[in-house]
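Q: Input file: final-v7.cif. Contents: mmCIF, C-alpha atoms, pLDDT in the B column; chains and numbers go by the auth columns.
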```cif
data_start
loop_
_atom_site.group_PDB
_atom_site.id
_atom_site.type_symbol
_atom_site.label_atom_id
_atom_site.label_comp_id
_atom_site.label_asym_id
_atom_site.label_seq_id
_atom_site.Cartn_x
_atom_site.Cartn_y
_atom_site.Cartn_z
_atom_site.B_iso_or_equiv
_atom_site.auth_seq_id
_atom_site.auth_asym_id
ATOM 1 C CA MET A 1 -13.756 20.398 23.638 72.00 1 A
ATOM 2 C CA SER A 2 -16.121 17.551 22.762 85.00 2 A
ATOM 3 C CA ILE A 3 -15.842 15.537 19.557 88.00 3 A
ATOM 4 C CA ARG A 4 -18.903 17.320 18.200 88.00 4 A
ATOM 5 C CA GLU A 5 -17.109 20.626 18.725 91.00 5 A
ATOM 6 C CA GLN A 6 -13.906 19.308 17.113 93.00 6 A
ATOM 7 C CA ILE A 7 -15.591 18.171 13.895 92.00 7 A
ATOM 8 C CA ALA A 8 -16.165 21.653 12.451 92.00 8 A
ATOM 9 C CA PRO A 9 -12.564 22.920 12.903 94.00 9 A
ATOM 10 C CA LEU A 10 -11.245 19.571 11.653 93.00 10 A
ATOM 11 C CA GLU A 11 -13.372 19.839 8.512 93.00 11 A
ATOM 12 C CA GLU A 12 -12.223 23.428 8.013 94.00 12 A
ATOM 13 C CA LEU A 13 -8.604 22.332 8.436 95.00 13 A
ATOM 14 C CA ALA A 14 -9.082 19.666 5.776 94.00 14 A
ATOM 15 C CA ARG A 15 -10.733 22.228 3.490 94.00 15 A
ATOM 16 C CA LEU A 16 -7.824 24.646 3.954 95.00 16 A
ATOM 17 C CA ASP A 17 -5.346 21.870 3.217 94.00 17 A
ATOM 18 C CA GLY A 18 -7.239 21.052 0.037 93.00 18 A
ATOM 19 C CA GLU A 19 -7.181 24.708 -0.993 93.00 19 A
ATOM 20 C CA LEU A 20 -3.468 24.885 -0.209 93.00 20 A
ATOM 21 C CA ARG A 21 -2.818 21.864 -2.436 92.00 21 A
ATOM 22 C CA ARG A 22 -4.720 23.501 -5.267 92.00 22 A
ATOM 23 C CA VAL A 23 -2.919 26.843 -4.883 91.00 23 A
ATOM 24 C CA GLU A 24 0.485 25.173 -4.660 91.00 24 A
ATOM 25 C CA GLY A 25 -0.333 23.097 -7.729 91.00 25 A
ATOM 26 C CA ASP A 26 -1.278 26.254 -9.644 88.00 26 A
ATOM 27 C CA LEU A 27 1.901 27.960 -8.455 87.00 27 A
ATOM 28 C CA GLN A 28 4.047 25.048 -9.560 89.00 28 A
ATOM 29 C CA LYS A 29 2.347 24.941 -12.957 88.00 29 A
ATOM 30 C CA GLU A 30 2.778 28.684 -13.537 83.00 30 A
ATOM 31 C CA ARG A 31 6.413 28.661 -12.430 85.00 31 A
ATOM 32 C CA VAL A 32 7.230 25.690 -14.636 88.00 32 A
ATOM 33 C CA GLU A 33 5.528 27.359 -17.614 86.00 33 A
ATOM 34 C CA LEU A 34 7.303 30.686 -17.068 84.00 34 A
ATOM 35 C CA ASP A 35 10.673 29.031 -16.433 88.00 35 A
ATOM 36 C CA ALA A 36 10.271 26.859 -19.540 91.00 36 A
ATOM 37 C CA LEU A 37 9.701 29.941 -21.699 89.00 37 A
ATOM 38 C CA ARG A 38 12.742 31.669 -20.230 89.00 38 A
ATOM 39 C CA VAL A 39 14.953 28.594 -20.607 94.00 39 A
ATOM 40 C CA GLU A 40 13.858 28.128 -24.221 92.00 40 A
ATOM 41 C CA LEU A 41 14.546 31.805 -24.960 93.00 41 A
ATOM 42 C CA ALA A 42 18.013 31.606 -23.404 94.00 42 A
ATOM 43 C CA GLY A 43 18.725 28.455 -25.415 94.00 43 A
ATOM 44 C CA LEU A 44 17.645 30.155 -28.630 93.00 44 A
ATOM 45 C CA GLU A 45 19.829 33.181 -27.901 93.00 45 A
ATOM 46 C CA GLY A 46 22.818 30.894 -27.396 93.00 46 A
ATOM 47 C CA ARG A 47 22.022 28.927 -30.543 92.00 47 A
ATOM 48 C CA LEU A 48 21.640 32.108 -32.583 94.00 48 A
ATOM 49 C CA ALA A 49 24.999 33.427 -31.381 94.00 49 A
ATOM 50 C CA THR A 50 26.655 30.125 -32.342 92.00 50 A
ATOM 51 C CA ASP A 51 24.918 29.945 -35.735 93.00 51 A
ATOM 52 C CA GLN A 52 25.775 33.555 -36.539 94.00 52 A
ATOM 53 C CA LYS A 53 29.439 32.946 -35.730 95.00 53 A
ATOM 54 C CA THR A 54 29.332 29.798 -37.877 94.00 54 A
ATOM 55 C CA VAL A 55 27.902 31.786 -40.797 95.00 55 A
ATOM 56 C CA ALA A 56 30.567 34.455 -40.368 95.00 56 A
ATOM 57 C CA ASP A 57 33.288 31.773 -40.401 95.00 57 A
ATOM 58 C CA MET A 58 31.783 30.107 -43.479 95.00 58 A
ATOM 59 C CA GLU A 59 31.476 33.466 -45.240 95.00 59 A
ATOM 60 C CA LYS A 60 35.186 34.046 -44.619 96.00 60 A
ATOM 61 C CA THR A 61 35.988 30.543 -45.892 95.00 61 A
ATOM 62 C CA ARG A 62 33.906 31.129 -49.021 94.00 62 A
ATOM 63 C CA GLY A 63 35.638 34.468 -49.533 95.00 63 A
ATOM 64 C CA ASP A 64 39.039 32.773 -49.287 95.00 64 A
ATOM 65 C CA LEU A 65 37.931 30.066 -51.747 95.00 65 A
ATOM 66 C CA THR A 66 36.559 32.694 -54.129 94.00 66 A
ATOM 67 C CA GLY A 67 39.932 34.439 -54.015 95.00 67 A
ATOM 68 C CA GLU A 68 41.735 31.158 -54.775 94.00 68 A
ATOM 69 C CA ILE A 69 39.349 30.455 -57.658 94.00 69 A
ATOM 70 C CA ARG A 70 40.017 33.902 -59.079 94.00 70 A
ATOM 71 C CA GLN A 71 43.778 33.323 -58.884 94.00 71 A
ATOM 72 C CA MET A 72 43.460 29.868 -60.474 92.00 72 A
ATOM 73 C CA ASN A 73 41.426 31.290 -63.334 93.00 73 A
ATOM 74 C CA GLN A 74 44.190 33.845 -63.875 93.00 74 A
ATOM 75 C CA GLN A 75 46.802 31.082 -63.783 92.00 75 A
ATOM 76 C CA ILE A 76 44.778 29.046 -66.272 91.00 76 A
ATOM 77 C CA GLU A 77 44.549 32.064 -68.562 91.00 77 A
ATOM 78 C CA ARG A 78 48.314 32.555 -68.374 90.00 78 A
ATOM 79 C CA SER A 79 48.885 28.851 -69.041 88.00 79 A
ATOM 80 C CA ARG A 80 46.676 29.083 -72.118 87.00 80 A
ATOM 81 C CA GLU A 81 48.728 31.981 -73.347 87.00 81 A
ATOM 82 C CA LYS A 82 51.888 29.973 -72.643 85.00 82 A
ATOM 83 C CA LEU A 83 50.415 27.043 -74.577 83.00 83 A
ATOM 84 C CA GLY A 84 49.879 29.319 -77.547 85.00 84 A
ATOM 85 C CA ARG A 85 53.557 30.317 -77.409 85.00 85 A
ATOM 86 C CA SER A 86 54.855 26.766 -77.131 81.00 86 A
ATOM 87 C CA ARG A 87 57.752 26.136 -79.518 83.00 87 A
ATOM 88 C CA ASN A 88 57.726 22.380 -79.536 86.00 88 A
ATOM 89 C CA GLU A 89 55.703 19.332 -78.525 86.00 89 A
ATOM 90 C CA LYS A 90 57.578 18.898 -75.256 85.00 90 A
ATOM 91 C CA GLU A 91 56.698 22.391 -74.084 85.00 91 A
ATOM 92 C CA SER A 92 53.135 21.963 -75.265 88.00 92 A
ATOM 93 C CA LEU A 93 52.686 18.680 -73.296 90.00 93 A
ATOM 94 C CA ALA A 94 54.144 20.233 -70.163 88.00 94 A
ATOM 95 C CA VAL A 95 51.781 23.197 -70.394 84.00 95 A
ATOM 96 C CA GLN A 96 48.794 20.890 -71.030 89.00 96 A
ATOM 97 C CA ARG A 97 49.659 18.854 -67.901 91.00 97 A
ATOM 98 C CA GLU A 98 49.890 22.102 -65.988 90.00 98 A
ATOM 99 C CA LEU A 99 46.474 23.158 -67.327 90.00 99 A
ATOM 100 C CA GLU A 100 44.912 19.811 -66.353 93.00 100 A
ATOM 101 C CA GLU A 101 46.249 20.100 -62.799 93.00 101 A
ATOM 102 C CA LEU A 102 45.017 23.688 -62.531 91.00 102 A
ATOM 103 C CA ARG A 103 41.579 22.746 -63.852 92.00 103 A
ATOM 104 C CA LYS A 104 41.333 19.858 -61.380 95.00 104 A
ATOM 105 C CA LEU A 105 42.317 22.159 -58.514 93.00 105 A
ATOM 106 C CA LEU A 106 39.830 24.721 -59.794 93.00 106 A
ATOM 107 C CA ARG A 107 37.004 22.139 -59.817 94.00 107 A
ATOM 108 C CA ASP A 108 37.915 21.069 -56.281 94.00 108 A
ATOM 109 C CA ARG A 109 37.848 24.673 -55.056 93.00 109 A
ATOM 110 C CA GLU A 110 34.571 25.349 -56.837 94.00 110 A
ATOM 111 C CA ASP A 111 33.053 22.219 -55.241 96.00 111 A
ATOM 112 C CA ASP A 112 34.329 23.384 -51.860 95.00 112 A
ATOM 113 C CA ALA A 113 32.856 26.835 -52.430 94.00 113 A
ATOM 114 C CA ASN A 114 29.493 25.334 -53.455 96.00 114 A
ATOM 115 C CA ARG A 115 29.401 23.128 -50.341 95.00 115 A
ATOM 116 C CA VAL A 116 30.211 26.106 -48.146 95.00 116 A
ATOM 117 C CA GLY A 117 27.518 28.116 -49.921 95.00 117 A
ATOM 118 C CA LEU A 118 24.923 25.409 -49.256 95.00 118 A
ATOM 119 C CA GLY A 119 26.056 25.297 -45.642 94.00 119 A
ATOM 120 C CA ILE A 120 25.560 29.051 -45.376 94.00 120 A
ATOM 121 C CA GLU A 121 22.048 28.779 -46.846 95.00 121 A
ATOM 122 C CA ASP A 122 21.105 26.030 -44.378 94.00 122 A
ATOM 123 C CA ALA A 123 22.558 27.991 -41.455 93.00 123 A
ATOM 124 C CA ARG A 124 20.681 31.125 -42.494 94.00 124 A
ATOM 125 C CA LYS A 125 17.422 29.168 -42.697 94.00 125 A
ATOM 126 C CA SER A 126 18.098 27.804 -39.218 92.00 126 A
ATOM 127 C CA ILE A 127 18.820 31.331 -37.983 94.00 127 A
ATOM 128 C CA ALA A 128 15.612 32.648 -39.542 94.00 128 A
ATOM 129 C CA THR A 129 13.589 29.881 -37.866 94.00 129 A
ATOM 130 C CA ALA A 130 15.288 30.503 -34.514 93.00 130 A
ATOM 131 C CA GLU A 131 14.791 34.267 -34.799 93.00 131 A
ATOM 132 C CA ALA A 132 11.085 33.795 -35.550 93.00 132 A
ATOM 133 C CA ARG A 133 10.692 31.550 -32.498 93.00 133 A
ATOM 134 C CA ARG A 134 12.744 33.980 -30.376 92.00 134 A
ATOM 135 C CA ASP A 135 10.540 36.884 -31.409 90.00 135 A
ATOM 136 C CA GLU A 136 7.471 34.789 -30.614 88.00 136 A
ATOM 137 C CA LEU A 137 8.820 33.949 -27.154 90.00 137 A
ATOM 138 C CA VAL A 138 9.753 37.562 -26.476 89.00 138 A
ATOM 139 C CA ALA A 139 6.241 38.644 -27.447 85.00 139 A
ATOM 140 C CA VAL A 140 4.733 35.975 -25.180 83.00 140 A
ATOM 141 C CA LEU A 141 6.951 36.941 -22.245 82.00 141 A
ATOM 142 C CA GLU A 142 6.340 40.648 -22.762 81.00 142 A
ATOM 143 C CA GLY A 143 2.616 40.054 -23.101 74.00 143 A
ATOM 144 C CA ARG A 144 1.988 37.242 -20.629 68.00 144 A
ATOM 145 C CA GLY A 145 5.101 37.409 -18.504 65.00 145 A
ATOM 146 C CA PRO A 146 3.934 40.328 -16.349 68.00 146 A
ATOM 147 C CA ASP A 147 0.479 38.757 -15.993 69.00 147 A
ATOM 148 C CA MET A 148 2.035 35.412 -15.072 70.00 148 A
ATOM 149 C CA SER A 149 4.320 37.103 -12.541 73.00 149 A
ATOM 150 C CA LEU A 150 1.336 38.929 -11.043 75.00 150 A
ATOM 151 C CA SER A 151 -0.595 35.670 -10.915 78.00 151 A
ATOM 152 C CA ILE A 152 2.320 33.976 -9.163 80.00 152 A
ATOM 153 C CA ASP A 153 2.532 36.847 -6.659 82.00 153 A
ATOM 154 C CA SER A 154 -1.232 36.642 -6.115 84.00 154 A
ATOM 155 C CA HIS A 155 -1.113 32.889 -5.549 84.00 155 A
ATOM 156 C CA GLU A 156 1.835 33.271 -3.177 88.00 156 A
ATOM 157 C CA GLY A 157 -0.105 35.874 -1.207 89.00 157 A
ATOM 158 C CA HIS A 158 -3.165 33.625 -1.093 89.00 158 A
ATOM 159 C CA ARG A 159 -0.998 30.700 0.016 91.00 159 A
ATOM 160 C CA GLY A 160 0.445 32.826 2.809 92.00 160 A
ATOM 161 C CA ASP A 161 -3.041 33.755 3.999 93.00 161 A
ATOM 162 C CA LEU A 162 -4.153 30.129 3.913 93.00 162 A
ATOM 163 C CA ARG A 163 -1.126 29.021 5.894 94.00 163 A
ATOM 164 C CA THR A 164 -1.758 31.702 8.514 94.00 164 A
ATOM 165 C CA ARG A 165 -5.400 30.659 8.862 95.00 165 A
ATOM 166 C CA ARG A 166 -4.370 27.015 8.989 94.00 166 A
ATOM 167 C CA ASP A 167 -1.816 27.613 11.748 94.00 167 A
ATOM 168 C CA GLU A 168 -4.379 29.503 13.793 94.00 168 A
ATOM 169 C CA LEU A 169 -6.984 26.791 13.293 93.00 169 A
ATOM 170 C CA ALA A 170 -4.551 23.988 14.151 93.00 170 A
ATOM 171 C CA LYS A 171 -3.991 25.593 17.563 93.00 171 A
ATOM 172 C CA THR A 172 -7.677 25.166 18.399 92.00 172 A
ATOM 173 C CA LEU A 173 -7.510 21.376 18.030 94.00 173 A
ATOM 174 C CA PRO A 174 -6.225 19.022 20.726 93.00 174 A
ATOM 175 C CA ALA A 175 -2.526 18.336 20.130 94.00 175 A
ATOM 176 C CA ALA A 176 -3.011 14.557 19.975 94.00 176 A
ATOM 177 C CA LEU A 177 -5.800 14.869 17.388 94.00 177 A
ATOM 178 C CA TYR A 178 -3.753 17.261 15.287 94.00 178 A
ATOM 179 C CA ARG A 179 -0.773 14.880 15.321 94.00 179 A
ATOM 180 C CA ARG A 180 -3.012 11.998 14.181 94.00 180 A
ATOM 181 C CA TYR A 181 -4.414 14.192 11.421 95.00 181 A
ATOM 182 C CA GLU A 182 -0.928 15.206 10.231 95.00 182 A
ATOM 183 C CA ASN A 183 0.365 11.634 10.256 95.00 183 A
ATOM 184 C CA ILE A 184 -2.537 10.538 8.054 95.00 184 A
ATOM 185 C CA ARG A 185 -2.205 13.595 5.788 93.00 185 A
ATOM 186 C CA GLN A 186 1.372 12.620 4.948 90.00 186 A
ATOM 187 C CA LYS A 187 -0.021 9.459 3.336 89.00 187 A
ATOM 188 C CA ARG A 188 -3.448 10.668 2.185 87.00 188 A
ATOM 189 C CA PRO A 189 -3.943 14.294 1.108 84.00 189 A
ATOM 190 C CA HIS A 190 -7.529 14.258 2.396 90.00 190 A
ATOM 191 C CA ALA A 191 -7.123 12.868 5.900 94.00 191 A
ATOM 192 C CA ILE A 192 -10.715 12.825 7.163 95.00 192 A
ATOM 193 C CA ALA A 193 -13.994 11.202 6.206 95.00 193 A
ATOM 194 C CA MET A 194 -17.504 11.056 7.611 94.00 194 A
ATOM 195 C CA THR A 195 -20.204 8.431 7.798 95.00 195 A
ATOM 196 C CA SER A 196 -23.897 8.692 8.428 93.00 196 A
ATOM 197 C CA ASP A 197 -25.161 5.350 7.114 92.00 197 A
ATOM 198 C CA GLY A 198 -22.410 2.886 7.995 94.00 198 A
ATOM 199 C CA THR A 199 -20.334 3.553 4.871 96.00 199 A
ATOM 200 C CA CYS A 200 -17.036 5.450 4.938 95.00 200 A
ATOM 201 C CA GLN A 201 -17.481 8.435 2.606 94.00 201 A
ATOM 202 C CA GLY A 202 -13.734 8.473 1.953 93.00 202 A
ATOM 203 C CA CYS A 203 -13.375 5.030 0.416 94.00 203 A
ATOM 204 C CA TYR A 204 -17.063 3.925 0.248 95.00 204 A
ATOM 205 C CA VAL A 205 -16.417 0.693 2.121 96.00 205 A
ATOM 206 C CA ALA A 206 -19.140 -0.596 4.474 97.00 206 A
ATOM 207 C CA LEU A 207 -18.166 -0.486 8.130 96.00 207 A
ATOM 208 C CA ALA A 208 -18.685 -3.315 10.587 96.00 208 A
ATOM 209 C CA PRO A 209 -21.958 -2.795 12.547 95.00 209 A
ATOM 210 C CA MET A 210 -20.276 -2.737 15.960 95.00 210 A
ATOM 211 C CA PHE A 211 -17.653 -0.288 14.700 96.00 211 A
ATOM 212 C CA PHE A 212 -20.392 1.930 13.259 95.00 212 A
ATOM 213 C CA GLN A 213 -22.303 1.892 16.544 95.00 213 A
ATOM 214 C CA LYS A 214 -19.113 2.943 18.339 94.00 214 A
ATOM 215 C CA LEU A 215 -18.772 5.890 15.958 94.00 215 A
ATOM 216 C CA ARG A 216 -22.380 6.912 16.581 93.00 216 A
ATOM 217 C CA ARG A 217 -21.625 7.387 20.267 92.00 217 A
ATOM 218 C CA LEU A 218 -19.199 10.186 19.310 91.00 218 A
ATOM 219 C CA GLU A 219 -16.818 9.253 22.081 90.00 219 A
ATOM 220 C CA GLU A 220 -13.641 9.631 20.003 90.00 220 A
ATOM 221 C CA PHE A 221 -12.387 9.780 16.438 93.00 221 A
ATOM 222 C CA GLU A 222 -11.654 6.403 14.887 94.00 222 A
ATOM 223 C CA GLN A 223 -9.770 5.457 11.731 95.00 223 A
ATOM 224 C CA CYS A 224 -11.449 3.715 8.836 95.00 224 A
ATOM 225 C CA PRO A 225 -10.194 0.097 8.792 95.00 225 A
ATOM 226 C CA ASN A 226 -9.815 0.333 5.010 95.00 226 A
ATOM 227 C CA CYS A 227 -8.494 3.802 4.055 94.00 227 A
ATOM 228 C CA ARG A 228 -7.174 4.769 7.523 94.00 228 A
ATOM 229 C CA ARG A 229 -8.757 8.238 7.368 95.00 229 A
ATOM 230 C CA LEU A 230 -9.972 9.866 10.557 95.00 230 A
ATOM 231 C CA LEU A 231 -13.617 8.864 10.649 95.00 231 A
ATOM 232 C CA TYR A 232 -16.496 10.553 12.438 95.00 232 A
ATOM 233 C CA TYR A 233 -20.263 10.150 12.551 94.00 233 A
ATOM 234 C CA VAL A 234 -22.686 12.741 11.228 92.00 234 A
ATOM 235 C CA MET A 235 -26.422 12.332 11.756 88.00 235 A
ATOM 236 C CA PRO A 236 -28.310 11.846 8.437 84.00 236 A
ATOM 237 C CA ALA A 237 -29.989 15.002 7.144 68.00 237 A
ATOM 238 C CA ARG A 238 -33.543 13.593 7.553 47.00 238 A
ATOM 239 C CA ALA A 239 -32.864 12.635 11.160 40.00 239 A
ATOM 240 C CA ARG A 240 -31.395 16.063 11.903 45.00 240 A
ATOM 241 C CA THR A 241 -34.454 17.758 10.413 37.00 241 A
ATOM 242 C CA ALA A 242 -36.841 15.598 12.455 37.00 242 A
ATOM 243 C CA LYS A 243 -34.866 16.256 15.622 40.00 243 A
ATOM 244 C CA THR A 244 -34.957 20.028 15.232 34.00 244 A
ATOM 245 C CA SER A 245 -38.635 20.262 14.219 31.00 245 A
#
```
Any chance you could put this one into structure tokens?
A:
Amino acid sequence: MSIREQIAPLEELARLDGELRRVEGDLQKERVELDALRVELAGLEGRLATDQKTVADMEKTRGDLTGEIRQMNQQIERSREKLGRSRNEKESLAVQRELEELRKLLRDREDDANRVGLGIEDARKSIATAEARRDELVAVLEGRGPDMSLSIDSHEGHRGDLRTRRDELAKTLPAALYRRYENIRQKRPHAIAMTSDGTCQGCYVALAPMFFQKLRRLEEFEQCPNCRRLLYYVMPARARTAKTS
């Protein structure tokens, strides 16, 4: 197979590799997007379960505090009645001290109950926000999820076809040329470039005249001294037209 005959399959190989990069990029993007939605949804579900348990615990705490407050109010009422039945100053002072202690305890419990109540309100707001976002994510996944999964399957199928065509095409190239191409492709995604006027069309650097003349003889593929791509000569369009007319 002459160099002229190798150029077309080499160009097609480079085109397929470019298409494969695009498809794999799309696949990666779609998978990341779908996975991110699923991870966020799972995180919200876990957060909601924790917040709901926290609210339940705080509700129980507030219920216990409310019960204590009710008992303290009853004790205060009994102490007031006792104060009214006091027979002397000593008994009256003792009951007043008891009332002051009960009132202080009552204020502390009421403050505790208010703090717990505010905590419950904040937790419920957080739950409402999380539930709204969860419902939004569920709607997105139910609406777009199947389409995204189909798109991923479609891209995977297309990638498989491209790889099959690539493998078949690679077998048509000389083994040494294919190895050179692959070595360059590991460093530069687009491993080939052409020239028709003495400028590498991969990096747009002017080639040395003697090097360009060597390329024009189409004896073998060379590598651009600057970008290291496989370089080959293609006759300018005007010259090709004149030659065929």
Q: Using all atoms listed in the file - which residues lie no farther than 12 Å from the point (-16.7, 5.9, 17.7) in the file's frame? Write them as number ranges by chain.
A: A: 3-4, 194-195, 198, 207-224, 230-234
Q: Quick one: axis-aligned box around all listed atoms of range 47-57 of chain A, 6 Å on every side, centre and edge lengths in Å to one decimal, written as JSON.
A:
```
{"center_x": 27.5, "center_y": 31.7, "center_z": -35.7, "size_x": 23.6, "size_y": 17.5, "size_z": 22.3}
```
Q: Within 9 Å of Arg107 in chain A, counting all atoms listed in the file, which residues show up once you throw out same-chain ones fewer than 5 positions away? Write them as a list in words, please.
A: Ile69, Leu102 and Asp112 of chain A
Q: If I put a ball of radius 6 Å at (38.5, 26.0, -51.1) in the file's coordinates, which residues poke into it when counting only C-alpha atoms, written as number ranges by chain?
A: A: 65, 109, 112-113
Q: Could you write out as a count of residues only the residues that the PyMOL selection byres ((chain A and resi 12-29) around 7) matches in the shown file?
A: 15
Q: When distances are computed from all atoms listed in the file, which of A:Pro225, A:Gly119, A:Gly84, A:Gly67 shows the smallest separation from Leu106 in chain A?
A: A:Gly67
Q: Can you work out the spacing between CA of Arg228 in chain A and CA of Ala191 in chain A in Å, to one decimal?
A: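 Distance between the two atoms: 8.3 Å.
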Q: What would the selection look like, as a PyMOL selection string, if the PyMOL selection byres ((chain A and resi 51-56) around 8) were run on the coordinates I just shared?
A: chain A and resi 47-50+57-60+120+123-124+126-127
Q: Smallest atom-to-atom distance to Lys104 in chain A: which of A:Ser86, A:Thr199, A:Gln6, A:Asn73, using all atoms listed in the file?
A: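 Closest to Lys104 in chain A, using all atoms listed in the file: A:Asn73.
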Q: What does the distance between CA of Ala36 in chain A and CA of Gly157 in chain A come to in Å, to one decimal place?
A: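 One can read the CA of Ala36 in chain A to CA of Gly157 in chain A distance as 22.9 Å.
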Q: Find the distance between CA of Ala94 in chain A and CA of Asp64 in chain A and write it in Å to one decimal.
A: 28.7 Å
Q: Expand the PyMOL selection byres ((chain A and resi 181) around 9) into the explicit residue set it covers here, and present it as a PyMOL selection string.
A: chain A and resi 10+176-180+182-186+191-192+229-230
Q: Using only C-alpha atoms, pick whichever of A:Asp111, A:Asp35, A:Glu136, A:Glu156 has the shortest atom-to-atom distance to Arg62 in chain A.
A: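 For Arg62 in chain A, the nearest of the candidates is A:Asp111.
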Q: Near Gly202 in chain A, within 7 Å and counting all atoms listed in the file, which residues show up once chain neighbours fewer than 2 positions away are dropped, as JSON, numbers by chain?
A: {"A": [193, 200, 204]}
Q: Take the residues from that selection and write them out as a PDB file, in the coordinates of the input, keeping C-alpha atoms.
A:
```pdb
ATOM      1  CA  ALA A 193     -13.994  11.202   6.206  1.00 95.00           C
ATOM      2  CA  CYS A 200     -17.036   5.450   4.938  1.00 95.00           C
ATOM      3  CA  TYR A 204     -17.063   3.925   0.248  1.00 95.00           C
TER       4      TYR A 204
END
```
Q: Return the single residue from A:Thr61, A:Thr164, A:Gln201, A:Thr66 that is closest to Asn226 in chain A, with distances computed using all atoms listed in the file.
A: A:Gln201
